[in-house]
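For reference, final.txt (compact mmCIF, C-alpha atoms):
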```txt
# COMPACT_ATOMS: atom_id res chain seq x y z
CA MET A 18 -9.35 -31.06 7.67
CA GLU A 19 -9.26 -28.47 4.87
CA ARG A 20 -6.73 -28.84 2.07
CA ALA A 21 -5.73 -26.28 -0.57
CA ASP A 22 -2.84 -25.33 -2.86
CA VAL A 23 -1.84 -22.41 -0.60
CA ILE A 24 -2.54 -21.31 2.98
CA ILE A 25 -2.49 -17.52 3.43
CA LEU A 26 -2.11 -16.20 6.96
CA GLY A 27 -3.54 -12.68 6.91
CA ALA A 28 -6.63 -11.51 5.02
CA GLY A 29 -5.69 -7.88 4.57
CA LEU A 30 -5.65 -6.16 1.19
CA VAL A 31 -2.59 -8.02 -0.12
CA GLY A 32 -3.59 -11.44 1.22
CA LEU A 33 -7.08 -11.13 -0.26
CA THR A 34 -5.69 -9.95 -3.60
CA LEU A 35 -3.34 -12.93 -3.82
CA ALA A 36 -6.17 -15.36 -3.02
CA VAL A 37 -8.46 -13.85 -5.67
CA ALA A 38 -5.66 -13.85 -8.27
CA LEU A 39 -4.95 -17.54 -7.60
CA ASP A 40 -8.65 -18.41 -7.73
CA ARG A 41 -9.00 -16.76 -11.15
CA HIS A 42 -6.36 -19.18 -12.42
CA GLY A 43 -7.73 -22.32 -10.79
CA LEU A 44 -5.53 -22.53 -7.67
CA SER A 45 -7.17 -22.93 -4.27
CA SER A 46 -6.29 -21.09 -1.06
CA ILE A 47 -7.30 -21.00 2.58
CA LEU A 48 -7.34 -17.53 4.16
CA ILE A 49 -6.86 -17.41 7.94
CA ASP A 50 -7.19 -14.17 9.90
CA PRO A 51 -8.14 -13.46 13.55
CA ALA A 52 -10.05 -10.26 12.68
CA ASP A 53 -13.83 -10.13 12.53
CA PRO A 54 -14.52 -9.48 8.82
CA GLU A 55 -17.57 -7.33 9.54
CA LYS A 56 -15.59 -4.98 11.78
CA GLN A 57 -12.91 -4.66 9.08
CA LEU A 58 -15.45 -2.98 6.80
CA ALA A 59 -16.54 -0.36 9.35
CA PRO A 60 -15.34 3.24 8.74
CA ALA A 61 -13.75 3.33 12.21
CA PHE A 62 -11.57 0.26 11.53
CA ASP A 63 -9.28 1.91 8.99
CA GLY A 64 -9.64 5.55 8.02
CA ARG A 65 -6.89 5.47 5.44
CA ALA A 66 -7.23 5.97 1.71
CA THR A 67 -4.71 4.59 -0.77
CA ALA A 68 -3.45 5.76 -4.14
CA VAL A 69 -3.67 2.61 -6.25
CA SER A 70 -1.13 2.91 -9.07
CA SER A 71 -2.16 2.42 -12.70
CA SER A 72 -0.40 -0.96 -12.88
CA SER A 73 -2.06 -2.16 -9.65
CA LEU A 74 -5.43 -1.08 -11.05
CA ARG A 75 -4.80 -3.15 -14.18
CA MET A 76 -4.26 -6.18 -11.95
CA LEU A 77 -7.52 -5.50 -10.10
CA GLN A 78 -9.25 -5.30 -13.47
CA ALA A 79 -7.64 -8.54 -14.65
CA ILE A 80 -8.82 -10.50 -11.60
CA GLY A 81 -12.36 -9.07 -11.62
CA VAL A 82 -12.14 -6.80 -8.56
CA ALA A 83 -12.21 -3.43 -10.33
CA ASP A 84 -15.80 -3.98 -11.53
CA LEU A 85 -16.96 -3.86 -7.90
CA LEU A 86 -15.09 -0.58 -7.40
CA GLU A 87 -16.69 1.23 -10.32
CA GLY A 88 -17.42 4.82 -9.32
CA GLU A 89 -15.71 4.41 -5.92
CA GLY A 90 -12.32 5.90 -6.78
CA CYS A 91 -11.03 9.38 -7.53
CA PRO A 92 -8.53 9.62 -10.43
CA ILE A 93 -5.24 11.40 -9.78
CA LYS A 94 -4.46 13.41 -12.90
CA ALA A 95 -1.40 15.21 -11.54
CA ILE A 96 1.01 15.18 -8.58
CA ARG A 97 2.68 18.35 -7.37
CA VAL A 98 5.78 18.09 -5.15
CA SER A 99 7.11 21.16 -3.36
CA ASP A 100 9.57 22.16 -0.66
CA GLY A 101 7.28 23.83 1.84
CA LEU A 102 4.93 26.36 0.28
CA GLU A 103 7.65 27.80 -1.93
CA PRO A 104 6.75 28.27 -5.63
CA GLY A 105 8.14 25.90 -8.24
CA GLY A 106 8.82 22.27 -7.42
CA LEU A 107 7.82 19.28 -9.53
CA MET A 108 4.60 18.64 -11.41
CA PHE A 109 3.84 15.19 -12.79
CA GLU A 110 0.86 15.10 -15.17
CA ALA A 111 -0.78 12.20 -16.97
CA PRO A 112 -1.15 12.73 -20.74
CA GLU A 113 -4.73 13.46 -21.79
CA ALA A 114 -5.30 10.13 -23.56
CA ASP A 115 -3.43 8.06 -20.94
CA ASP A 116 -4.52 6.38 -17.72
CA PRO A 117 -4.46 8.56 -14.59
CA LEU A 118 -1.36 8.44 -12.39
CA GLY A 119 -3.39 6.54 -9.82
CA ILE A 120 -6.85 6.15 -8.30
CA MET A 121 -7.64 7.09 -4.70
CA PHE A 122 -9.76 4.51 -2.90
CA GLU A 123 -10.83 4.37 0.71
CA ASN A 124 -9.20 1.25 2.18
CA ARG A 125 -12.51 -0.05 3.47
CA ARG A 126 -13.95 0.12 -0.06
CA LEU A 127 -11.02 -1.86 -1.42
CA ARG A 128 -11.36 -4.39 1.38
CA GLY A 129 -15.11 -4.74 0.78
CA ALA A 130 -14.69 -5.40 -2.95
CA LEU A 131 -11.92 -7.95 -2.36
CA ARG A 132 -13.94 -9.71 0.32
CA ASP A 133 -17.01 -9.91 -1.95
CA CYS A 134 -14.82 -11.49 -4.64
CA ALA A 135 -13.39 -13.95 -2.12
CA LEU A 136 -16.85 -14.95 -0.87
CA ALA A 137 -18.01 -15.59 -4.43
CA ALA A 138 -14.85 -17.48 -5.41
CA GLU A 139 -14.98 -21.21 -6.08
CA HIS A 140 -11.47 -21.96 -4.80
CA ILE A 141 -11.19 -19.78 -1.65
CA THR A 142 -11.96 -20.99 1.86
CA LEU A 143 -12.26 -18.25 4.50
CA MET A 144 -11.40 -19.17 8.07
CA MET A 145 -12.29 -15.84 9.66
CA PRO A 146 -12.11 -15.18 12.46
CA GLY A 147 -9.48 -17.84 13.04
CA ARG A 148 -6.11 -17.83 14.77
CA ALA A 149 -3.23 -20.21 14.09
CA ALA A 150 -2.20 -22.11 17.22
CA GLU A 151 0.46 -24.29 15.58
CA VAL A 152 2.21 -24.05 12.21
CA VAL A 153 4.39 -26.87 10.88
CA ARG A 154 6.48 -26.53 7.71
CA ASP A 155 8.54 -29.51 6.62
CA GLY A 156 9.43 -31.63 3.62
CA ALA A 157 5.95 -33.14 3.52
CA GLY A 158 4.07 -29.83 3.38
CA VAL A 159 2.44 -27.23 5.62
CA ARG A 160 0.01 -27.92 8.44
CA VAL A 161 -1.81 -25.17 10.36
CA ALA A 162 -3.85 -26.04 13.45
CA LEU A 163 -6.25 -23.30 14.57
CA GLU A 164 -7.17 -22.50 18.16
CA ASP A 165 -10.73 -23.74 17.50
CA SER A 166 -9.36 -27.19 16.44
CA ARG A 167 -9.80 -26.70 12.69
CA VAL A 168 -6.83 -27.89 10.62
CA ALA A 169 -5.60 -26.72 7.20
CA THR A 170 -2.92 -28.27 5.00
CA ALA A 171 -1.20 -27.15 1.80
CA PRO A 172 2.16 -27.38 -0.01
CA LEU A 173 2.90 -23.66 0.64
CA LEU A 174 2.37 -21.08 3.39
CA VAL A 175 2.16 -17.34 2.64
CA GLY A 176 2.76 -14.84 5.43
CA ALA A 177 0.63 -11.75 4.84
CA GLU A 178 -0.06 -10.62 8.43
CA GLY A 179 1.56 -7.19 8.16
CA ARG A 180 4.52 -5.45 9.79
CA ASN A 181 4.63 -7.61 12.91
CA SER A 182 4.20 -10.90 11.06
CA PRO A 183 4.34 -13.84 13.52
CA THR A 184 5.14 -16.12 10.57
CA ARG A 185 8.24 -14.11 9.68
CA GLN A 186 9.35 -14.08 13.30
CA ALA A 187 8.82 -17.84 13.67
CA ALA A 188 10.95 -18.41 10.56
CA GLN A 189 13.72 -16.36 12.23
CA ILE A 190 14.16 -14.19 9.16
CA ALA A 191 16.59 -11.34 9.83
CA MET A 192 15.28 -7.80 9.49
CA ALA A 193 16.68 -4.34 8.86
CA ARG A 194 14.45 -2.10 10.95
CA TRP A 195 14.36 1.41 12.35
CA SER A 196 11.87 4.02 13.50
CA TYR A 197 11.55 7.50 12.02
CA ASP A 198 10.32 8.84 15.40
CA HIS A 199 7.37 10.25 13.50
CA VAL A 200 3.67 9.50 13.50
CA ALA A 201 1.35 9.75 10.49
CA ILE A 202 -1.88 11.54 11.30
CA VAL A 203 -4.54 10.51 8.80
CA ALA A 204 -7.89 12.20 8.29
CA THR A 205 -10.44 13.01 5.62
CA VAL A 206 -11.19 16.71 5.25
CA THR A 207 -13.72 18.78 3.33
CA HIS A 208 -12.64 21.96 1.61
CA GLU A 209 -14.14 24.97 -0.08
CA ARG A 210 -12.36 24.74 -3.45
CA SER A 211 -11.95 21.81 -5.85
CA HIS A 212 -8.72 19.83 -5.73
CA GLU A 213 -9.05 19.37 -9.52
CA ASN A 214 -7.77 15.79 -9.15
CA VAL A 215 -4.30 16.97 -8.12
CA ALA A 216 -2.36 15.27 -5.32
CA TYR A 217 0.11 17.38 -3.33
CA GLU A 218 3.23 16.32 -1.46
CA ILE A 219 4.50 19.26 0.59
CA PHE A 220 7.80 18.72 2.38
CA TYR A 221 8.41 20.53 5.66
CA PRO A 222 11.47 20.05 7.90
CA SER A 223 9.12 18.59 10.52
CA GLY A 224 7.85 15.98 8.04
CA PRO A 225 5.94 15.60 4.76
CA PHE A 226 2.31 16.65 4.39
CA ALA A 227 0.29 14.90 1.66
CA ILE A 228 -3.09 16.00 0.27
CA LEU A 229 -4.76 13.25 -1.76
CA PRO A 230 -7.89 13.92 -3.84
CA MET A 231 -11.05 11.99 -3.04
CA LEU A 232 -14.56 11.89 -4.47
CA PRO A 233 -17.07 14.37 -3.02
CA GLY A 234 -18.95 13.22 0.06
CA GLU A 235 -22.66 12.43 0.19
CA ASP A 236 -23.30 16.11 0.92
CA GLY A 237 -21.52 17.06 -2.32
CA ARG A 238 -18.62 18.83 -0.59
CA PHE A 239 -15.08 18.52 -1.96
CA ARG A 240 -12.95 16.03 -0.01
CA SER A 241 -9.31 15.06 0.32
CA ALA A 242 -7.36 12.65 2.49
CA ILE A 243 -4.42 14.08 4.39
CA VAL A 244 -1.37 12.20 5.64
CA TRP A 245 0.50 14.47 8.03
CA SER A 246 3.86 13.27 9.36
CA VAL A 247 4.66 14.82 12.75
CA PRO A 248 7.39 14.15 15.34
CA SER A 249 6.26 11.48 17.78
CA GLU A 250 6.58 13.83 20.77
CA HIS A 251 4.02 16.21 19.23
CA ALA A 252 1.56 13.64 17.89
CA GLY A 253 -0.53 13.28 21.07
CA ALA A 254 -1.04 17.02 21.45
CA ILE A 255 -2.05 17.41 17.79
CA LEU A 256 -4.46 14.48 17.91
CA ASP A 257 -6.10 15.95 21.03
CA LEU A 258 -6.68 19.39 19.48
CA PRO A 259 -10.30 20.57 19.41
CA GLU A 260 -11.84 20.34 15.95
CA ARG A 261 -11.60 24.07 15.21
CA ALA A 262 -7.93 24.20 16.22
CA MET A 263 -7.19 21.03 14.22
CA THR A 264 -8.76 22.39 11.04
CA ALA A 265 -6.90 25.67 11.50
CA GLU A 266 -3.58 23.80 11.71
CA ILE A 267 -4.40 21.74 8.61
CA GLU A 268 -5.42 24.85 6.68
CA LYS A 269 -2.13 26.50 7.63
CA MET A 270 -0.15 23.45 6.44
CA MET A 271 -2.04 23.62 3.14
CA GLY A 272 -1.32 27.30 2.71
CA GLY A 273 -5.04 28.00 2.40
CA PHE A 274 -5.20 27.22 -1.32
CA LEU A 275 -8.19 24.88 -0.90
CA GLY A 276 -10.11 27.40 1.21
CA GLU A 277 -11.93 26.68 4.44
CA ILE A 278 -11.29 23.22 5.90
CA GLY A 279 -13.57 20.89 7.86
CA LEU A 280 -13.09 17.40 9.32
CA ALA A 281 -15.16 14.74 7.54
CA GLY A 282 -14.49 11.86 9.92
CA PRO A 283 -12.36 10.58 12.79
CA ARG A 284 -8.59 11.06 13.03
CA PHE A 285 -6.22 8.11 12.97
CA SER A 286 -2.53 7.81 13.73
CA TYR A 287 0.14 5.29 12.79
CA PRO A 288 3.80 5.13 13.89
CA LEU A 289 6.22 5.44 10.98
CA GLY A 290 9.14 3.10 10.52
CA PHE A 291 11.20 1.15 8.02
CA HIS A 292 11.70 -2.59 7.85
CA HIS A 293 13.02 -4.91 5.17
CA ALA A 294 13.40 -8.68 5.39
CA ALA A 295 16.78 -10.15 4.48
CA THR A 296 14.91 -12.83 2.54
CA ILE A 297 11.23 -13.19 1.65
CA THR A 298 11.25 -16.99 1.46
CA ALA A 299 12.06 -19.95 3.65
CA GLU A 300 11.14 -23.65 3.60
CA ARG A 301 7.63 -23.79 2.07
CA LEU A 302 7.13 -20.12 2.96
CA ALA A 303 6.75 -16.87 1.03
CA LEU A 304 6.22 -13.40 2.52
CA VAL A 305 4.15 -10.68 0.83
CA GLY A 306 3.28 -7.07 1.57
CA ASP A 307 4.18 -5.52 4.90
CA ALA A 308 5.28 -8.90 6.23
CA ALA A 309 8.22 -8.57 3.82
CA HIS A 310 8.82 -4.80 3.77
CA GLY A 311 7.49 -1.61 5.29
CA ILE A 312 8.36 1.86 4.05
CA HIS A 313 7.58 5.51 4.75
CA PRO A 314 4.34 6.64 3.06
CA ILE A 315 6.24 9.57 1.50
CA ALA A 316 5.68 8.29 -2.06
CA GLY A 317 2.48 6.31 -1.51
CA GLN A 318 4.09 3.04 -2.62
CA GLY A 319 3.52 0.75 0.40
CA LEU A 320 0.35 -1.05 -0.72
CA ASN A 321 1.39 -0.98 -4.37
CA LEU A 322 4.59 -2.84 -3.46
CA GLY A 323 2.40 -5.46 -1.80
CA PHE A 324 0.23 -5.73 -4.91
CA ARG A 325 3.41 -6.27 -6.96
CA ASP A 326 4.38 -9.08 -4.57
CA ALA A 327 0.96 -10.69 -5.04
CA ALA A 328 1.15 -10.42 -8.84
CA ALA A 329 4.64 -11.94 -9.00
CA LEU A 330 3.90 -14.76 -6.55
CA ALA A 331 0.63 -15.61 -8.31
CA GLN A 332 2.46 -15.89 -11.65
CA VAL A 333 5.24 -18.05 -10.19
CA LEU A 334 2.71 -20.43 -8.61
CA VAL A 335 0.33 -20.64 -11.57
CA GLU A 336 3.16 -21.34 -14.00
CA GLY A 337 4.65 -23.88 -11.57
CA ALA A 338 1.30 -25.66 -11.24
CA ARG A 339 1.03 -25.93 -15.03
CA LEU A 340 4.37 -27.70 -15.03
CA GLY A 341 3.12 -30.08 -12.33
CA MET A 342 5.57 -28.78 -9.72
CA ASP A 343 5.12 -28.93 -5.95
CA LEU A 344 4.02 -25.37 -5.08
CA GLY A 345 6.38 -25.36 -2.12
CA ASP A 346 9.35 -26.30 -4.28
CA ALA A 347 12.52 -24.37 -3.49
CA GLN A 348 13.00 -23.51 -7.20
CA LEU A 349 9.67 -21.70 -7.36
CA LEU A 350 10.39 -19.80 -4.17
CA ALA A 351 13.85 -18.86 -5.43
CA ARG A 352 12.28 -17.39 -8.58
CA TYR A 353 9.89 -15.30 -6.47
CA GLN A 354 12.79 -14.15 -4.28
CA ARG A 355 14.86 -13.04 -7.29
CA TRP A 356 11.91 -11.31 -8.95
CA ARG A 357 10.91 -9.19 -5.99
CA SER A 358 14.10 -8.58 -4.01
CA LEU A 359 15.67 -5.84 -6.16
CA ASP A 360 12.43 -3.91 -6.75
CA THR A 361 11.45 -3.82 -3.09
CA PHE A 362 14.96 -2.87 -1.99
CA MET A 363 15.25 -0.04 -4.52
CA VAL A 364 11.86 1.44 -3.62
CA ALA A 365 12.59 1.10 0.10
CA ALA A 366 15.98 2.76 -0.26
CA ALA A 367 14.54 5.59 -2.39
CA THR A 368 11.74 6.41 0.05
CA ASP A 369 14.11 6.28 3.01
CA GLY A 370 16.52 8.60 1.20
CA LEU A 371 13.76 11.09 0.34
CA THR A 372 12.60 11.09 3.96
CA ARG A 373 16.08 11.98 5.17
CA ILE A 374 16.90 14.53 2.45
CA TYR A 375 13.69 16.48 2.93
CA GLY A 376 14.06 16.36 6.70
CA VAL A 377 17.25 18.45 6.66
CA PRO A 378 16.38 21.92 8.05
CA GLY A 379 17.76 25.28 6.97
CA ARG A 380 17.59 27.66 4.03
CA THR A 381 20.65 26.22 2.30
CA ALA A 382 19.21 22.68 2.29
CA SER A 383 15.87 24.02 1.08
CA ALA A 384 17.55 25.96 -1.75
CA ILE A 385 19.48 22.86 -2.86
CA ARG A 386 16.27 20.81 -2.88
CA ARG A 387 14.47 23.42 -4.99
CA ILE A 388 17.37 23.51 -7.48
CA GLY A 389 17.25 19.72 -7.72
CA MET A 390 13.50 19.64 -8.31
CA GLY A 391 13.85 22.36 -10.93
CA ALA A 392 16.45 20.29 -12.75
CA VAL A 393 14.22 17.19 -12.72
CA GLN A 394 11.32 19.30 -14.02
CA ARG A 395 13.41 20.37 -17.01
CA ILE A 396 14.99 16.97 -17.84
CA GLY A 397 12.22 15.10 -19.64
CA PRO A 398 13.64 11.53 -19.63
CA LEU A 399 14.48 11.68 -15.91
CA LYS A 400 11.03 13.03 -15.07
CA ASP A 401 9.38 10.34 -17.24
CA ARG A 402 11.40 7.65 -15.44
CA MET A 403 10.28 8.93 -12.05
CA MET A 404 6.65 9.01 -13.22
CA ALA A 405 6.94 5.42 -14.48
CA GLU A 406 8.28 4.36 -11.08
CA ALA A 407 5.38 6.08 -9.32
CA ARG A 408 2.89 4.30 -11.59
CA GLY A 409 4.56 0.92 -11.02
CA GLU A 410 5.31 0.54 -14.71
CA SER A 411 9.08 0.03 -14.65
CA GLY A 412 11.13 -3.15 -14.51
CA ASP A 413 10.08 -6.73 -15.22
CA LEU A 414 6.33 -6.50 -14.67
CA PRO A 415 4.26 -9.61 -13.90
CA LEU A 416 1.52 -10.27 -16.43
CA LEU A 417 -1.29 -9.22 -14.08
CA LEU A 418 0.26 -5.76 -13.67
CA ARG A 419 0.07 -5.41 -17.45
CA GLY A 420 -3.61 -6.30 -17.33
CA LEU A 421 -3.02 -9.74 -18.84
CA PRO A 422 -4.07 -13.17 -17.55
CA ILE A 423 -1.30 -15.53 -16.48
```
Represent the structure of the file as structure tokens.
Amino acid sequence: MERADVIILGAGLVGLTLAVALDRHGLSSILIDPADPEKQLAPAFDGRATAVSSSSLRMLQAIGVADLLEGEGCPIKAIRVSDGLEPGGLMFEAPEADDPLGIMFENRRLRGALRDCALAAEHITLMMPGRAAEVVRDGAGVRVALEDSRVATAPLLVGAEGRNSPTRQAAQIAMARWSYDHVAIVATVTHERSHENVAYEIFYPSGPFAILPMLPGEDGRFRSAIVWSVPSEHAGAILDLPERAMTAEIEKMMGGFLGEIGLAGPRFSYPLGFHHAATITAERLALVGDAAHGIHPIAGQGLNLGFRDAAALAQVLVEGARLGMDLGDAQLLARYQRWRSLDTFMVAAATDGLTRIYGVPGRTASAIRRIGMGAVQRIGPLKDRMMAEARGESGDLPLLLRGLPI
């Protein structure tokens, strides 16, 4: 029987980050995940790239993960938002002496660095692959029996299995959920001209189209990640396009400003939807990441919200342990609930609202959107507030997101 301070079901990016953060402060965890860890690091497992916000990067630096990512990420120095290919729009730029707005990392690189940290950690036990057959949460603690007869116990269980979290479902936590009837097509492309470290969010009535700067490939060619939101009924046909037709469509969506386009890897697709848990805690249980909330990728905040969950929960648990508290104590879980509930709801509501506003077709709606973006561009304090939100630097930040130890 293995015993630890915390059992984490789900060893994705958020689950691994939480485990490493706890380890750095002397708390032990058991990570359980049915996936084969070697397959998780293969390029074909997850073709996505993520814009890690400046505050999330400070946390990765504070817990020793960023050192393993040195030279792997592409800084985002500016973000341009536009309504279609019309001129104008919004431009967010990082001051010269300041941190970039974010860093683009391939998900598999992030996962590899986090896994290396977990393998080297003194207080992390990896049960991978491993699948929970029975989970018991009661006044005495948490007990997880695996299908291969291994058993883990701890005072607290963390559900980090993603959008379809079995732990959340077993706890009968109510959910607000709906589908956008859109699919995100994700691919890495090469292009003729430099992106100059600028990320683009182009809004079309059919769905947003994001161009995210990446480091050059091994052949030295410029690269970007695209996230193309298309109606579900059209997704299959677009995914099945021959390579030349696919690159022609992507080039048209870009307006040709990056020159000739080529595909630099396989295409992936993910259904788009919204979900938000009514509560992120239950008896001896805390939810983090997509197990607690899932949003549209329109603002690139999904993983960063999960990192904020991990930072807040780690601080609550470390400070509770210093006071000698039971880590499954309802007071600790209530503090985590209060800390994260407003932030996640506000970000979820904002991204859902943007998705709906920019999905309204017609010239009148487009003109109103352009007027609104022009106003934001001219009003400095409002623009600064939006940039702080995008960087994850607003509100009551956990210490790790400030780059400080707990």
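Atom to atom, atom CA of Phe274 of chain A and atom CA of Arg210 of chain A stand 7.9 Å apart.
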List the spatial neighbours of Gly420 of chain A as a compact mmCIF listing (two decimals) with C-alpha atoms, keeping the file's coordinate frame - criterion: any atom at most 8 Å away, all atoms listed in the file, same-chain residues fewer than 2 positions off excluded.
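Below you can see part_38.txt, which holds the result:
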```
# COMPACT_ATOMS: atom_id res chain seq x y z
CA SER A 72 -0.40 -0.96 -12.88
CA ARG A 75 -4.80 -3.15 -14.18
CA MET A 76 -4.26 -6.18 -11.95
CA GLN A 78 -9.25 -5.30 -13.47
CA ALA A 79 -7.64 -8.54 -14.65
CA LEU A 416 1.52 -10.27 -16.43
CA LEU A 417 -1.29 -9.22 -14.08
CA LEU A 418 0.26 -5.76 -13.67
CA PRO A 422 -4.07 -13.17 -17.55
```
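In this comparison, which uses only C-alpha atoms, the residue of A:Ala309, A:Leu102, A:Ala328, A:Pro112 approaching Lys269 of chain A most closely is A:Leu102.
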For segment 90-164 of chain A versus segment 329-350 of chain A, which residues have an atom no more than 10 Å away, and what is each residue's nearest atom pair and distance in Å rounded to one decimal, using only C-alpha atoms, chain-then-number order, as JSON lines?
```
{"residue": "A:Arg154", "atom": "CA", "partner": "A:Gly345", "partner_atom": "CA", "distance": 9.9}
{"residue": "A:Asp155", "atom": "CA", "partner": "A:Gly345", "partner_atom": "CA", "distance": 9.9}
{"residue": "A:Gly156", "atom": "CA", "partner": "A:Gly345", "partner_atom": "CA", "distance": 9.0}
{"residue": "A:Ala157", "atom": "CA", "partner": "A:Gly345", "partner_atom": "CA", "distance": 9.6}
{"residue": "A:Gly158", "atom": "CA", "partner": "A:Gly345", "partner_atom": "CA", "distance": 7.5}
{"residue": "A:Val159", "atom": "CA", "partner": "A:Gly345", "partner_atom": "CA", "distance": 8.9}
```
- prompt: Within 9 Å of (-8.3, 1.6, 1.2), in the coordinates the file gives, what residues turn up when you count all atoms listed in the file, written out as a list in words?
  reply: Leu30, Asp63, Gly64, Arg65, Ala66, Thr67, Ala68, Val69, Met121, Phe122, Glu123, Asn124, Arg125, Arg126, Leu127 and Arg128 of chain A
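The shortest atom-to-atom distance to Tyr221 of chain A, with only C-alpha atoms taken into account, belongs to A:Ser246 out of A:Thr361, A:Ser286, A:Ser246, A:Gln189.
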query: Which of these, A:Ile80, A:Met108, A:Leu256, A:Ile243, has the shortest distance to Ala38 of chain A once you count all atoms listed in the file?
result: A:Ile80
task: May I have the residues within 10 Å of Ala351 of chain A as a ChimeraX atom specification, using only C-alpha atoms and disregarding those fewer than 5 positions away in the same chain?
output: /A:297-299,303,333,346,356
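What separates atom CA of Val215 of chain A from atom CA of Ala265 of chain A is a distance of 21.6 Å.
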Surrounding residues of Gly101 of chain A excluding itself and chain neighbours under 4 positions, 9 Å, all atoms listed in the file, as an mmCIF file with C-alpha atoms, keeping the file's coordinate frame:
```cif
data_model
loop_
_atom_site.group_PDB
_atom_site.id
_atom_site.type_symbol
_atom_site.label_atom_id
_atom_site.label_comp_id
_atom_site.auth_asym_id
_atom_site.auth_seq_id
_atom_site.Cartn_x
_atom_site.Cartn_y
_atom_site.Cartn_z
ATOM 1 C CA ILE A 219 4.500 19.260 0.590
ATOM 2 C CA PHE A 220 7.800 18.720 2.380
ATOM 3 C CA TYR A 221 8.410 20.530 5.660
ATOM 4 C CA PRO A 222 11.470 20.050 7.900
ATOM 5 C CA PRO A 225 5.940 15.600 4.760
ATOM 6 C CA MET A 270 -0.150 23.450 6.440
ATOM 7 C CA SER A 383 15.870 24.020 1.080
#
```
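For the pair atom CA of Leu48 of chain A and atom CA of Cys134 of chain A, the separation is 13.0 Å.
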task: For Ala308 of chain A, list every protein, DNA or RNA residue within 6 Å, evaluated using all atoms listed in the file, and leave out those in the same chain fewer than 3 positions away; present the list as a PyMOL selection string.
output: chain A and resi 177+179-180+182+304-305
task: Please provide the set of residues having any atom within 8 Å of Arg238 of chain A, restricted to only C-alpha atoms, with same-chain residues fewer than 3 positions apart removed, written as a ChimeraX atom specification.
output: /A:207-209,233-235
Neighbourhood query: residues within 6 Å of (-9.9, 18.8, 5.8), file coordinates, counting only C-alpha atoms; return as a short mmCIF file (atom, residue, chain, number, x, y, z; two decimals) with C-alpha atoms, in the coordinates of the input.
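Full text of selection-v6.cif as output:
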```cif
data_model
loop_
_atom_site.label_atom_id
_atom_site.label_comp_id
_atom_site.auth_asym_id
_atom_site.auth_seq_id
_atom_site.Cartn_x
_atom_site.Cartn_y
_atom_site.Cartn_z
CA THR A 205 -10.44 13.01 5.62
CA VAL A 206 -11.19 16.71 5.25
CA THR A 207 -13.72 18.78 3.33
CA HIS A 208 -12.64 21.96 1.61
CA ILE A 278 -11.29 23.22 5.90
CA GLY A 279 -13.57 20.89 7.86
CA LEU A 280 -13.09 17.40 9.32
#
```
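Closest approach to Arg301 of chain A among A:Pro51, A:Pro259, A:Gly90, A:Gly176 is made by A:Gly176 (distances from all atoms listed in the file).
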